[in-house]
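Chemist: entry15.tsv is reproduced in full below (TSV, C-alpha atoms and all ligand atoms).
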chain	number	residue	atom	x	y	z
E	1022	MET	CA	99.45	85.52	106.18
E	1023	GLY	CA	97.71	88.42	104.52
E	1024	SER	CA	99.12	91.18	106.68
E	1025	ILE	CA	101.55	93.49	104.89
E	1026	ILE	CA	102.31	95.65	107.93
E	1027	ARG	CA	102.84	94.60	111.53
E	1028	PHE	CA	103.69	96.79	114.53
E	1029	GLU	CA	104.87	94.74	117.48
E	1030	ARG	CA	105.01	96.41	120.91
E	1031	VAL	CA	106.23	99.67	119.41
E	1032	ASN	CA	107.14	102.62	121.63
E	1033	LYS	CA	108.32	106.10	120.75
E	1034	ILE	CA	109.58	108.34	123.50
E	1035	TYR	CA	110.95	111.66	122.23
E	1036	PRO	CA	114.17	112.96	123.80
E	1037	ASP	CA	112.22	115.41	125.98
E	1038	GLY	CA	110.42	112.44	127.56
E	1039	THR	CA	107.13	112.70	125.61
E	1040	ARG	CA	105.68	109.23	125.19
E	1041	ALA	CA	104.14	109.72	121.75
E	1042	VAL	CA	103.48	106.04	120.98
E	1043	ASP	CA	102.85	103.70	123.88
E	1044	ASP	CA	103.21	99.95	123.40
E	1045	VAL	CA	101.31	99.71	120.14
E	1046	THR	CA	100.66	96.39	118.38
E	1047	PHE	CA	98.55	95.96	115.23
E	1048	GLU	CA	98.47	94.43	111.77
E	1049	ILE	CA	97.25	95.82	108.47
E	1050	GLU	CA	96.10	93.61	105.62
E	1051	GLU	CA	97.27	94.08	102.08
E	1052	GLY	CA	94.96	96.45	100.19
E	1053	GLU	CA	93.34	97.74	103.37
E	1054	CYS	CA	92.82	101.42	104.24
E	1055	VAL	CA	93.24	102.10	107.95
E	1056	THR	CA	92.32	105.54	109.26
E	1057	PHE	CA	94.11	106.73	112.41
E	1058	VAL	CA	91.90	109.09	114.36
E	1059	GLY	CA	92.02	110.84	117.71
E	1060	PRO	CA	92.58	114.26	119.28
E	1061	SER	CA	95.61	116.38	118.45
E	1062	GLY	CA	98.78	115.05	120.07
E	1063	CYS	CA	97.54	111.46	120.54
E	1064	GLY	CA	100.33	110.00	118.40
E	1065	LYS	CA	98.75	109.47	114.96
E	1066	THR	CA	101.44	111.20	112.92
E	1067	THR	CA	104.25	109.62	114.90
E	1068	THR	CA	102.72	106.17	114.36
E	1069	VAL	CA	102.62	106.45	110.57
E	1070	LYS	CA	106.04	108.12	110.37
E	1071	LEU	CA	107.49	105.12	112.18
E	1072	LEU	CA	106.67	103.03	109.12
E	1073	ASN	CA	108.81	104.98	106.66
E	1074	ARG	CA	111.34	105.72	109.39
E	1075	LEU	CA	110.93	109.48	109.41
E	1076	VAL	CA	110.76	108.60	113.12
E	1077	GLU	CA	112.77	105.72	114.62
E	1078	PRO	CA	111.11	103.68	117.39
E	1079	THR	CA	112.52	103.68	120.92
E	1080	SER	CA	111.64	100.00	121.15
E	1081	GLY	CA	109.58	97.39	119.36
E	1082	THR	CA	109.63	96.02	115.83
E	1083	ILE	CA	107.88	97.10	112.65
E	1084	TYR	CA	107.50	94.65	109.78
E	1085	LEU	CA	106.72	95.50	106.17
E	1086	ASN	CA	106.16	92.46	103.94
E	1087	GLY	CA	107.55	90.33	106.72
E	1088	GLN	CA	110.85	92.26	106.85
E	1089	ASP	CA	112.02	94.14	109.92
E	1090	THR	CA	112.09	97.73	108.64
E	1091	ALA	CA	115.01	98.59	110.97
E	1092	LYS	CA	117.15	96.21	108.90
E	1093	VAL	CA	116.11	97.52	105.49
E	1094	ASP	CA	118.00	100.31	103.72
E	1095	VAL	CA	115.97	103.44	104.49
E	1096	ILE	CA	116.09	104.79	100.92
E	1097	SER	CA	114.71	101.60	99.38
E	1098	LEU	CA	112.17	101.35	102.21
E	1099	ARG	CA	110.80	104.82	101.38
E	1100	ARG	CA	110.64	104.03	97.67
E	1101	GLY	CA	107.97	101.47	98.45
E	1102	ILE	CA	105.94	103.89	100.57
E	1103	GLY	CA	104.20	106.91	99.05
E	1104	TYR	CA	103.78	109.92	101.33
E	1105	VAL	CA	101.06	112.56	101.08
E	1106	ILE	CA	100.82	115.36	103.65
E	1107	GLN	CA	98.69	118.39	104.40
E	1108	ASP	CA	99.67	121.46	102.35
E	1109	VAL	CA	101.48	118.93	100.22
E	1110	GLY	CA	104.92	120.53	100.32
E	1111	LEU	CA	105.06	121.04	96.57
E	1112	PHE	CA	108.26	122.72	95.44
E	1113	PRO	CA	107.23	126.22	94.36
E	1114	HIS	CA	109.91	126.59	91.68
E	1115	MET	CA	108.96	123.31	89.97
E	1116	THR	CA	106.03	122.79	87.60
E	1117	VAL	CA	103.21	120.40	88.43
E	1118	ALA	CA	104.77	117.77	86.15
E	1119	GLU	CA	108.21	118.17	87.74
E	1120	ASN	CA	106.72	117.89	91.20
E	1121	ILE	CA	104.83	114.71	90.34
E	1122	ALA	CA	107.81	113.09	88.62
E	1123	LEU	CA	110.19	113.80	91.49
E	1124	VAL	CA	110.57	110.23	92.75
E	1125	PRO	CA	110.48	108.60	89.30
E	1126	ARG	CA	113.34	110.96	88.32
E	1127	LEU	CA	115.31	110.10	91.45
E	1128	ILE	CA	115.01	106.40	90.73
E	1129	GLY	CA	116.08	106.89	87.13
E	1130	TRP	CA	112.95	106.48	85.02
E	1131	PRO	CA	113.58	107.75	81.45
E	1132	ALA	CA	111.91	111.05	80.50
E	1133	SER	CA	109.32	109.47	78.18
E	1134	LYS	CA	108.10	107.08	80.89
E	1135	ARG	CA	107.98	109.95	83.41
E	1136	GLU	CA	105.92	112.08	81.06
E	1137	SER	CA	103.36	109.42	80.26
E	1138	ARG	CA	103.11	108.51	83.95
E	1139	THR	CA	102.59	112.17	84.90
E	1140	ASP	CA	99.76	112.58	82.39
E	1141	GLU	CA	98.19	109.31	83.51
E	1142	LEU	CA	98.26	110.47	87.14
E	1143	LEU	CA	96.91	113.94	86.34
E	1144	ASN	CA	93.96	112.30	84.61
E	1145	LEU	CA	93.54	109.95	87.54
E	1146	VAL	CA	93.23	112.81	90.05
E	1147	GLY	CA	90.92	114.78	87.78
E	1148	LEU	CA	93.27	117.43	86.39
E	1149	GLU	CA	93.45	117.85	82.62
E	1150	PRO	CA	97.16	117.29	81.75
E	1151	GLY	CA	97.26	119.87	78.93
E	1152	ALA	CA	95.97	122.59	81.25
E	1153	PHE	CA	97.91	121.68	84.37
E	1154	ARG	CA	101.22	119.97	83.70
E	1155	ASN	CA	103.18	123.20	83.11
E	1156	ARG	CA	101.62	125.30	85.85
E	1157	TYR	CA	103.42	126.25	89.05
E	1158	PRO	CA	101.93	125.51	92.47
E	1159	HIS	CA	100.97	129.17	93.10
E	1160	GLN	CA	98.77	128.98	89.98
E	1161	LEU	CA	96.58	126.29	91.56
E	1162	SER	CA	93.69	126.31	94.05
E	1163	GLY	CA	94.09	124.52	97.37
E	1164	GLY	CA	92.10	121.53	96.14
E	1165	GLN	CA	94.14	121.32	92.94
E	1166	ARG	CA	97.40	121.47	94.91
E	1167	GLN	CA	96.18	118.64	97.10
E	1168	ARG	CA	95.31	116.59	94.01
E	1169	VAL	CA	98.85	117.12	92.72
E	1170	GLY	CA	100.12	115.97	96.13
E	1171	VAL	CA	98.12	112.75	95.83
E	1172	ALA	CA	99.44	112.23	92.28
E	1173	ARG	CA	102.99	112.71	93.53
E	1174	GLY	CA	102.46	110.17	96.31
E	1175	LEU	CA	101.31	107.63	93.71
E	1176	ALA	CA	103.96	108.44	91.10
E	1177	ALA	CA	106.33	105.51	91.48
E	1178	ASP	CA	103.39	103.16	92.09
E	1179	PRO	CA	104.26	102.25	95.69
E	1180	PRO	CA	102.19	99.44	97.24
E	1181	VAL	CA	101.82	101.35	100.53
E	1182	ILE	CA	100.81	104.99	101.00
E	1183	LEU	CA	100.90	107.18	104.09
E	1184	MET	CA	98.49	110.09	104.06
E	1185	ASP	CA	98.76	112.57	106.91
E	1186	GLU	CA	95.72	114.87	107.07
E	1187	PRO	CA	95.87	115.19	103.27
E	1188	PHE	CA	92.54	117.05	103.07
E	1189	GLY	CA	92.87	118.88	106.40
E	1190	ALA	CA	93.43	122.36	105.01
E	1191	LEU	CA	90.56	122.37	102.50
E	1192	ASP	CA	87.13	123.96	102.70
E	1193	PRO	CA	84.31	121.47	103.45
E	1194	ILE	CA	83.01	121.22	99.87
E	1195	THR	CA	86.39	120.63	98.25
E	1196	ARG	CA	87.19	118.25	101.04
E	1197	ALA	CA	84.07	116.14	100.43
E	1198	GLN	CA	84.89	116.12	96.71
E	1199	LEU	CA	88.42	114.85	97.32
E	1200	GLN	CA	87.15	112.23	99.74
E	1201	ASP	CA	84.77	110.93	97.07
E	1202	GLU	CA	87.59	110.88	94.53
E	1203	PHE	CA	89.77	109.08	97.03
E	1204	LEU	CA	87.13	106.33	97.32
E	1205	ARG	CA	86.91	106.01	93.53
E	1206	LEU	CA	90.70	105.88	93.24
E	1207	ARG	CA	90.93	103.24	95.91
E	1208	ALA	CA	88.47	101.00	94.14
E	1209	ARG	CA	90.78	101.10	91.11
E	1210	LEU	CA	94.21	100.92	92.74
E	1211	ARG	CA	93.95	98.61	95.77
E	1212	LYS	CA	96.84	100.20	97.65
E	1213	THR	CA	97.48	99.64	101.33
E	1214	ILE	CA	96.85	103.01	102.99
E	1215	LEU	CA	97.52	104.47	106.43
E	1216	PHE	CA	95.44	107.64	106.66
E	1217	VAL	CA	95.76	110.13	109.54
E	1218	THR	CA	92.83	112.40	110.36
E	1219	HIS	CA	91.42	114.21	113.38
E	1220	ASP	CA	87.95	114.07	111.79
E	1221	ILE	CA	85.92	111.03	112.87
E	1222	ASP	CA	83.51	111.40	109.94
E	1223	GLU	CA	86.41	111.28	107.50
E	1224	ALA	CA	87.78	108.23	109.34
E	1225	ILE	CA	84.40	106.49	109.05
E	1226	LYS	CA	83.94	107.40	105.40
E	1227	LEU	CA	87.38	106.35	104.17
E	1228	GLY	CA	88.57	103.55	106.44
E	1229	ASP	CA	88.08	99.81	106.08
E	1230	ARG	CA	89.15	99.82	109.70
E	1231	ILE	CA	89.66	102.66	112.14
E	1232	ALA	CA	92.44	102.88	114.72
E	1233	VAL	CA	91.22	105.17	117.49
E	1234	MET	CA	94.19	106.62	119.41
E	1235	ARG	CA	94.46	108.27	122.80
E	1236	ASN	CA	97.62	109.23	124.69
E	1237	GLY	CA	99.85	107.16	122.40
E	1238	LYS	CA	97.71	104.04	122.66
E	1239	ILE	CA	95.32	102.43	120.21
E	1240	VAL	CA	92.13	102.09	122.21
E	1241	GLN	CA	90.01	100.48	119.49
E	1242	PHE	CA	90.94	99.02	116.11
E	1243	ALA	CA	87.85	97.91	114.20
E	1244	PRO	CA	85.67	98.45	111.12
E	1245	PRO	CA	83.59	101.68	111.14
E	1246	ALA	CA	80.33	99.84	111.78
E	1247	THR	CA	81.79	98.18	114.89
E	1248	ILE	CA	83.16	101.47	116.22
E	1249	LEU	CA	79.71	103.01	115.75
E	1250	LYS	CA	77.73	100.09	117.15
E	1251	THR	CA	79.97	99.10	120.04
E	1252	PRO	CA	82.47	101.79	121.05
E	1253	VAL	CA	84.77	100.21	123.68
E	1254	ASP	CA	84.52	103.06	126.15
E	1255	LEU	CA	83.19	106.55	126.80
E	1256	PHE	CA	86.16	108.15	125.06
E	1257	VAL	CA	85.39	106.40	121.76
E	1258	LYS	CA	81.67	106.97	122.25
E	1259	ASP	CA	82.25	110.72	122.69
E	1260	LEU	CA	84.56	110.82	119.70
E	1261	VAL	CA	81.94	109.16	117.52
E	1262	GLY	CA	79.42	111.77	118.63
E	1263	LYS	CA	75.69	111.87	119.21
E	1264	GLU	CA	74.48	110.77	115.80
E	1265	ARG	CA	75.76	107.21	115.95
E	1266	GLY	CA	72.58	105.66	114.54
E	1267	LEU	CA	72.43	108.09	111.68
E	1268	LYS	CA	76.09	107.54	110.80
E	1269	LEU	CA	75.58	103.80	110.91
E	1270	MET	CA	72.65	104.09	108.56
E	1271	LYS	CA	74.73	106.08	106.08
E	1272	LEU	CA	77.27	103.29	106.16
E	1273	SER	CA	74.77	100.52	105.49
E	1274	LYS	CA	74.16	99.52	101.90
E	1275	ILE	CA	71.15	97.71	100.50
E	1276	SER	CA	73.43	94.74	99.74
E	1277	ASP	CA	73.91	94.26	103.50
E	1278	ILE	CA	70.24	93.45	104.03
E	1279	MET	CA	69.09	91.96	100.73
E	1280	GLU	CA	67.74	88.40	100.49
E	1281	PRO	CA	69.81	86.02	98.39
E	1282	PHE	CA	68.62	85.71	94.81
E	1283	VAL	CA	66.79	82.38	94.87
E	1284	ASP	CA	63.16	82.94	94.00
E	1285	SER	CA	63.35	83.47	90.29
E	1286	ILE	CA	61.53	81.76	87.50
E	1287	VAL	CA	62.24	81.73	83.77
E	1288	GLU	CA	59.69	83.68	81.72
E	1289	GLY	CA	58.52	80.72	79.59
E	1290	THR	CA	57.53	78.58	82.61
E	1291	PRO	CA	53.87	77.34	82.54
E	1292	LEU	CA	51.58	78.82	85.22
E	1293	ARG	CA	50.94	75.41	86.74
E	1294	GLU	CA	54.67	74.95	87.36
E	1295	ALA	CA	54.97	78.47	88.81
E	1296	LEU	CA	52.10	77.79	91.18
E	1297	ARG	CA	53.66	74.51	92.29
E	1298	LEU	CA	57.00	76.28	92.97
E	1299	MET	CA	55.37	79.05	94.97
E	1300	LYS	CA	53.46	76.58	97.12
E	1301	GLU	CA	56.54	74.43	97.58
E	1302	ARG	CA	58.71	77.41	98.62
E	1303	ASN	CA	55.90	79.17	100.44
E	1304	ARG	CA	56.39	82.40	98.42
E	1305	ASP	CA	53.91	85.13	97.52
E	1306	VAL	CA	56.17	86.57	94.85
E	1307	LEU	CA	58.60	85.23	92.25
E	1308	TRP	CA	61.04	87.24	90.12
E	1309	VAL	CA	60.72	86.54	86.43
E	1310	VAL	CA	63.99	86.33	84.50
E	1311	ASP	CA	64.87	85.63	80.87
E	1312	LYS	CA	67.00	82.68	79.78
E	1313	GLU	CA	70.18	84.62	80.63
E	1314	GLY	CA	68.91	85.33	84.14
E	1315	ARG	CA	68.17	89.03	83.51
E	1316	TYR	CA	65.35	90.51	85.54
E	1317	GLN	CA	62.12	90.96	83.54
E	1318	GLY	CA	59.41	91.51	86.13
E	1319	TRP	CA	57.58	89.72	88.91
E	1320	VAL	CA	54.43	87.65	89.55
E	1321	ARG	CA	52.14	87.47	92.53
E	1322	PHE	CA	50.68	84.26	93.92
E	1323	GLU	CA	46.98	85.29	93.78
E	1324	ARG	CA	47.29	86.26	90.13
E	1325	VAL	CA	48.99	83.01	89.15
E	1326	ALA	CA	46.44	80.99	91.13
E	1327	LYS	CA	43.51	82.87	89.53
E	1328	ASP	CA	44.73	82.43	85.96
E	1329	GLU	CA	45.60	78.79	86.53
E	1330	GLU	CA	42.11	77.90	87.76
N	1401	LIG	P1	99.02	113.69	116.40
N	1401	LIG	O1	99.46	113.36	115.03
N	1401	LIG	O2	98.03	112.71	116.93
N	1401	LIG	O3	98.56	115.09	116.57
N	1401	LIG	P2	101.84	113.45	117.08
N	1401	LIG	O4	102.20	112.07	116.72
N	1401	LIG	O5	102.21	114.54	116.14
N	1401	LIG	O6	100.26	113.50	117.39
N	1401	LIG	O7	102.45	113.81	118.50
N	1401	LIG	C1	102.32	112.95	119.64
N	1401	LIG	C2	103.00	113.60	120.82
N	1401	LIG	O8	104.40	113.66	120.57
N	1401	LIG	C3	102.54	115.03	121.08
N	1401	LIG	O9	102.53	115.22	122.47
N	1401	LIG	C4	103.62	115.87	120.43
N	1401	LIG	O10	103.76	117.09	121.06
N	1401	LIG	C5	104.85	114.99	120.64
N	1401	LIG	N1	105.88	115.17	119.60
N	1401	LIG	C6	105.72	115.03	118.27
N	1401	LIG	N2	106.87	115.25	117.62
N	1401	LIG	C7	107.80	115.51	118.58
N	1401	LIG	C8	109.21	115.80	118.57
N	1401	LIG	N3	109.89	115.84	117.43
N	1401	LIG	N4	109.80	116.04	119.76
N	1401	LIG	C9	109.12	115.98	120.92
N	1401	LIG	N5	107.80	115.69	121.00
N	1401	LIG	C10	107.15	115.47	119.86
Kindly return the structure encoded in the file as structure tokens.
Ligand code: ADP

Modeler:
Amino acid sequence: MGSIIRFERVNKIYPDGTRAVDDVTFEIEEGECVTFVGPSGCGKTTTVKLLNRLVEPTSGTIYLNGQDTAKVDVISLRRGIGYVIQDVGLFPHMTVAENIALVPRLIGWPASKRESRTDELLNLVGLEPGAFRNRYPHQLSGGQRQRVGVARGLAADPPVILMDEPFGALDPITRAQLQDEFLRLRARLRKTILFVTHDIDEAIKLGDRIAVMRNGKIVQFAPPATILKTPVDLFVKDLVGKERGLKLMKLSKISDIMEPFVDSIVEGTPLREALRLMKERNRDVLWVVDKEGRYQGWVRFERVAKDEE
């Protein structure tokens, strides 16, 4: 089976009686990004922290790679799960490079490997290593700090990453920039990501699937287009907001509606043959391609018919 993560009837009741996670069951596929969205206090953070055991479940089972996480050594469990949070929690007395290389150092990577990895990651998150590796966190802007936080989460190359409101504290422009970078990064890295946000637009933009939460329950778990087209109830509909159609349109790509590439003809084909093909396939237009199949132009039926006369 392709699922890397499985929550099975998981509950978390805090000692004061708060039911933060209420009988939650779901699976996440390898390489998938799932965004957890819902109002403050609905249980998003608790849900993702259950995976790396920053929170222990009251009942239920959580599997990672088919293994019951309760039976795995917690240190080795966390090594396989990167963690990126809001305001990052960079250590102020450590340089950018030292902050990024924290986990690699803990797990005993040699200095040379740590250094090359740090530079690679700085480049990856759009910070020039020469300018940034020796700075301290207070010498960075909010957006730059958040980039360092993402680099640190990726440092030991974990297959799974938890991101808890990573862009929550940024101004809208920086935030949009980091979201775009996140999408580019994802295309290159294919990590499995659990991403917490209270912002439905962020959830739609970044998630392959969205888990909508309310009062500790997952009320809908579906791709963004499904959430937009068919919200399961009024709560989800309200969360998605008034501009459902517009948001859906933004999500749609031309590849979703294009016709399959069948009506092409090689440029050296005689007109008579082109005419026969167009009649046979009932087409007004054919794409003209070269011998390698590269697009060259197009022909219209009337023109072919006229010249062939
Ligand atoms: P979200 O991330 O959606 O804002 P949380 O998972 O942080 O929600 O919290 C879910 C519920 O659990 C909230 O009611 C919150 O107050 C409560 N909660 C979170 N952490 C604790 C804790 N350590 N002790 C008691 N209650 C908690």

Chemist: How far is it from CA of Lys1065 (chain E) to CA of Leu1269 (chain E), in Å with one decimal?

Modeler: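 So the two atoms, CA of Lys1065 (chain E) and CA of Leu1269 (chain E), lie 24.2 Å apart.
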
Chemist: Hey, which residues sit close to ligand LIG 1401 (chain N)? Say within 10 Å, counting all atoms listed in the file, and write them as number ranges by chain.

Modeler: E: 1033-1042, 1057-1071, 1076, 1185-1186, 1217-1219, 1234-1237

Chemist: Compile the contact shell of Val1124 (chain E) as a list in words: residues with an atom at most 12 Å away, counting only C-alpha atoms, same-chain residues fewer than 4 positions apart removed.

Modeler: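 The neighbour list is Ile1096, Ser1097, Arg1099, Arg1100, Gly1101, Ile1102, Gly1103, Tyr1104, Ala1118, Glu1119, Asn1120, Ile1128, Gly1129, Trp1130, Pro1131, Arg1135, Arg1138, Thr1139, Ala1172, Arg1173, Gly1174, Leu1175, Ala1176, Ala1177, Asp1178 and Pro1179 of chain E.
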
Chemist: Residues as selected, C-alpha atoms, written as a tab-separated table (two decimals), in the frame of the given file, can you do that?

Modeler:
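What landed in out21.tsv:
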chain	number	residue	atom	x	y	z
E	1096	ILE	CA	116.09	104.79	100.92
E	1097	SER	CA	114.71	101.60	99.38
E	1099	ARG	CA	110.80	104.82	101.38
E	1100	ARG	CA	110.64	104.03	97.67
E	1101	GLY	CA	107.97	101.47	98.45
E	1102	ILE	CA	105.94	103.89	100.57
E	1103	GLY	CA	104.20	106.91	99.05
E	1104	TYR	CA	103.78	109.92	101.33
E	1118	ALA	CA	104.77	117.77	86.15
E	1119	GLU	CA	108.21	118.17	87.74
E	1120	ASN	CA	106.72	117.89	91.20
E	1128	ILE	CA	115.01	106.40	90.73
E	1129	GLY	CA	116.08	106.89	87.13
E	1130	TRP	CA	112.95	106.48	85.02
E	1131	PRO	CA	113.58	107.75	81.45
E	1135	ARG	CA	107.98	109.95	83.41
E	1138	ARG	CA	103.11	108.51	83.95
E	1139	THR	CA	102.59	112.17	84.90
E	1172	ALA	CA	99.44	112.23	92.28
E	1173	ARG	CA	102.99	112.71	93.53
E	1174	GLY	CA	102.46	110.17	96.31
E	1175	LEU	CA	101.31	107.63	93.71
E	1176	ALA	CA	103.96	108.44	91.10
E	1177	ALA	CA	106.33	105.51	91.48
E	1178	ASP	CA	103.39	103.16	92.09
E	1179	PRO	CA	104.26	102.25	95.69

Chemist: At a cut-off of 7 Å from (94.3, 103.4, 117.0) in the coordinates of the file, what residues are picked up using all atoms listed in the file, written as a PyMOL selection string?

Modeler: chain E and resi 1057-1058+1231-1234+1238-1242

Chemist: Using C-alpha atoms, can you export the residues from the last selection as a short mmCIF file (atom, residue, chain, number, x, y, z; two decimals), in the frame of the given file?

Modeler:
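What landed in out_23.cif:
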data_model
loop_
_atom_site.label_atom_id
_atom_site.label_comp_id
_atom_site.auth_asym_id
_atom_site.auth_seq_id
_atom_site.Cartn_x
_atom_site.Cartn_y
_atom_site.Cartn_z
CA PHE E 1057 94.11 106.73 112.41
CA VAL E 1058 91.90 109.09 114.36
CA ILE E 1231 89.66 102.66 112.14
CA ALA E 1232 92.44 102.88 114.72
CA VAL E 1233 91.22 105.17 117.49
CA MET E 1234 94.19 106.62 119.41
CA LYS E 1238 97.71 104.04 122.66
CA ILE E 1239 95.32 102.43 120.21
CA VAL E 1240 92.13 102.09 122.21
CA GLN E 1241 90.01 100.48 119.49
CA PHE E 1242 90.94 99.02 116.11
#

Chemist: What separation in Å, quoted to one decimal, exists between CA of Val1169 (chain E) and CA of Ile1121 (chain E)?

Modeler: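 We find that CA of Val1169 (chain E) and CA of Ile1121 (chain E) lie 6.9 Å from each other.
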
Chemist: Using only C-alpha atoms, can you tell me which of E:Tyr1316, E:Tyr1084, E:Phe1112, E:Trp1308 comes closest to Thr1046 (chain E)?

Modeler: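 The shortest atom-to-atom distance to Thr1046 (chain E) comes from E:Tyr1084.
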
Chemist: Expressed in Å to a single decimal, how great is the separation between CA of Glu1329 (chain E) and CA of Gly1289 (chain E)?

Modeler: 14.8 Å

Chemist: When you look at Val1181 (chain E) with a cut-off of 6 Å (counting all atoms listed in the file), what residues show up, excluding the ones that are within fewer than 6 positions of it in the same chain? I need them as a ChimeraX atom specification.

Modeler: /E:1102,1212-1214

Chemist: Taking only C-alpha atoms into account, which of E:Leu1267, E:Glu1136, E:Arg1166, E:Cys1054 comes nearest Phe1203 (chain E)?

Modeler: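 Among the listed residues, E:Cys1054 lies closest to Phe1203 (chain E).
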
Chemist: Between E:Ala1246, E:Leu1145, E:Val1257, E:Ala1190, which one has atoms that come closest to Leu1206 (chain E), using only C-alpha atoms?

Modeler: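 When distances to Leu1206 (chain E) are compared using only C-alpha atoms, the smallest one comes from E:Leu1145.
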
Chemist: Looking at only C-alpha atoms, which of E:Leu1191, E:Val1045, E:Arg1297, E:Glu1053 is the one that sits closest to Ala1208 (chain E)?

Modeler: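 Smallest distance to Ala1208 (chain E) is found for E:Glu1053.
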
Chemist: So that I can see what lies close to Val1117 (chain E), please list as number ranges by chain the residues with an atom at most 9 Å from it, counting only C-alpha atoms and leaving out residues fewer than 6 positions away in the same chain.

Modeler: E: 1111, 1139, 1153-1158, 1166, 1169
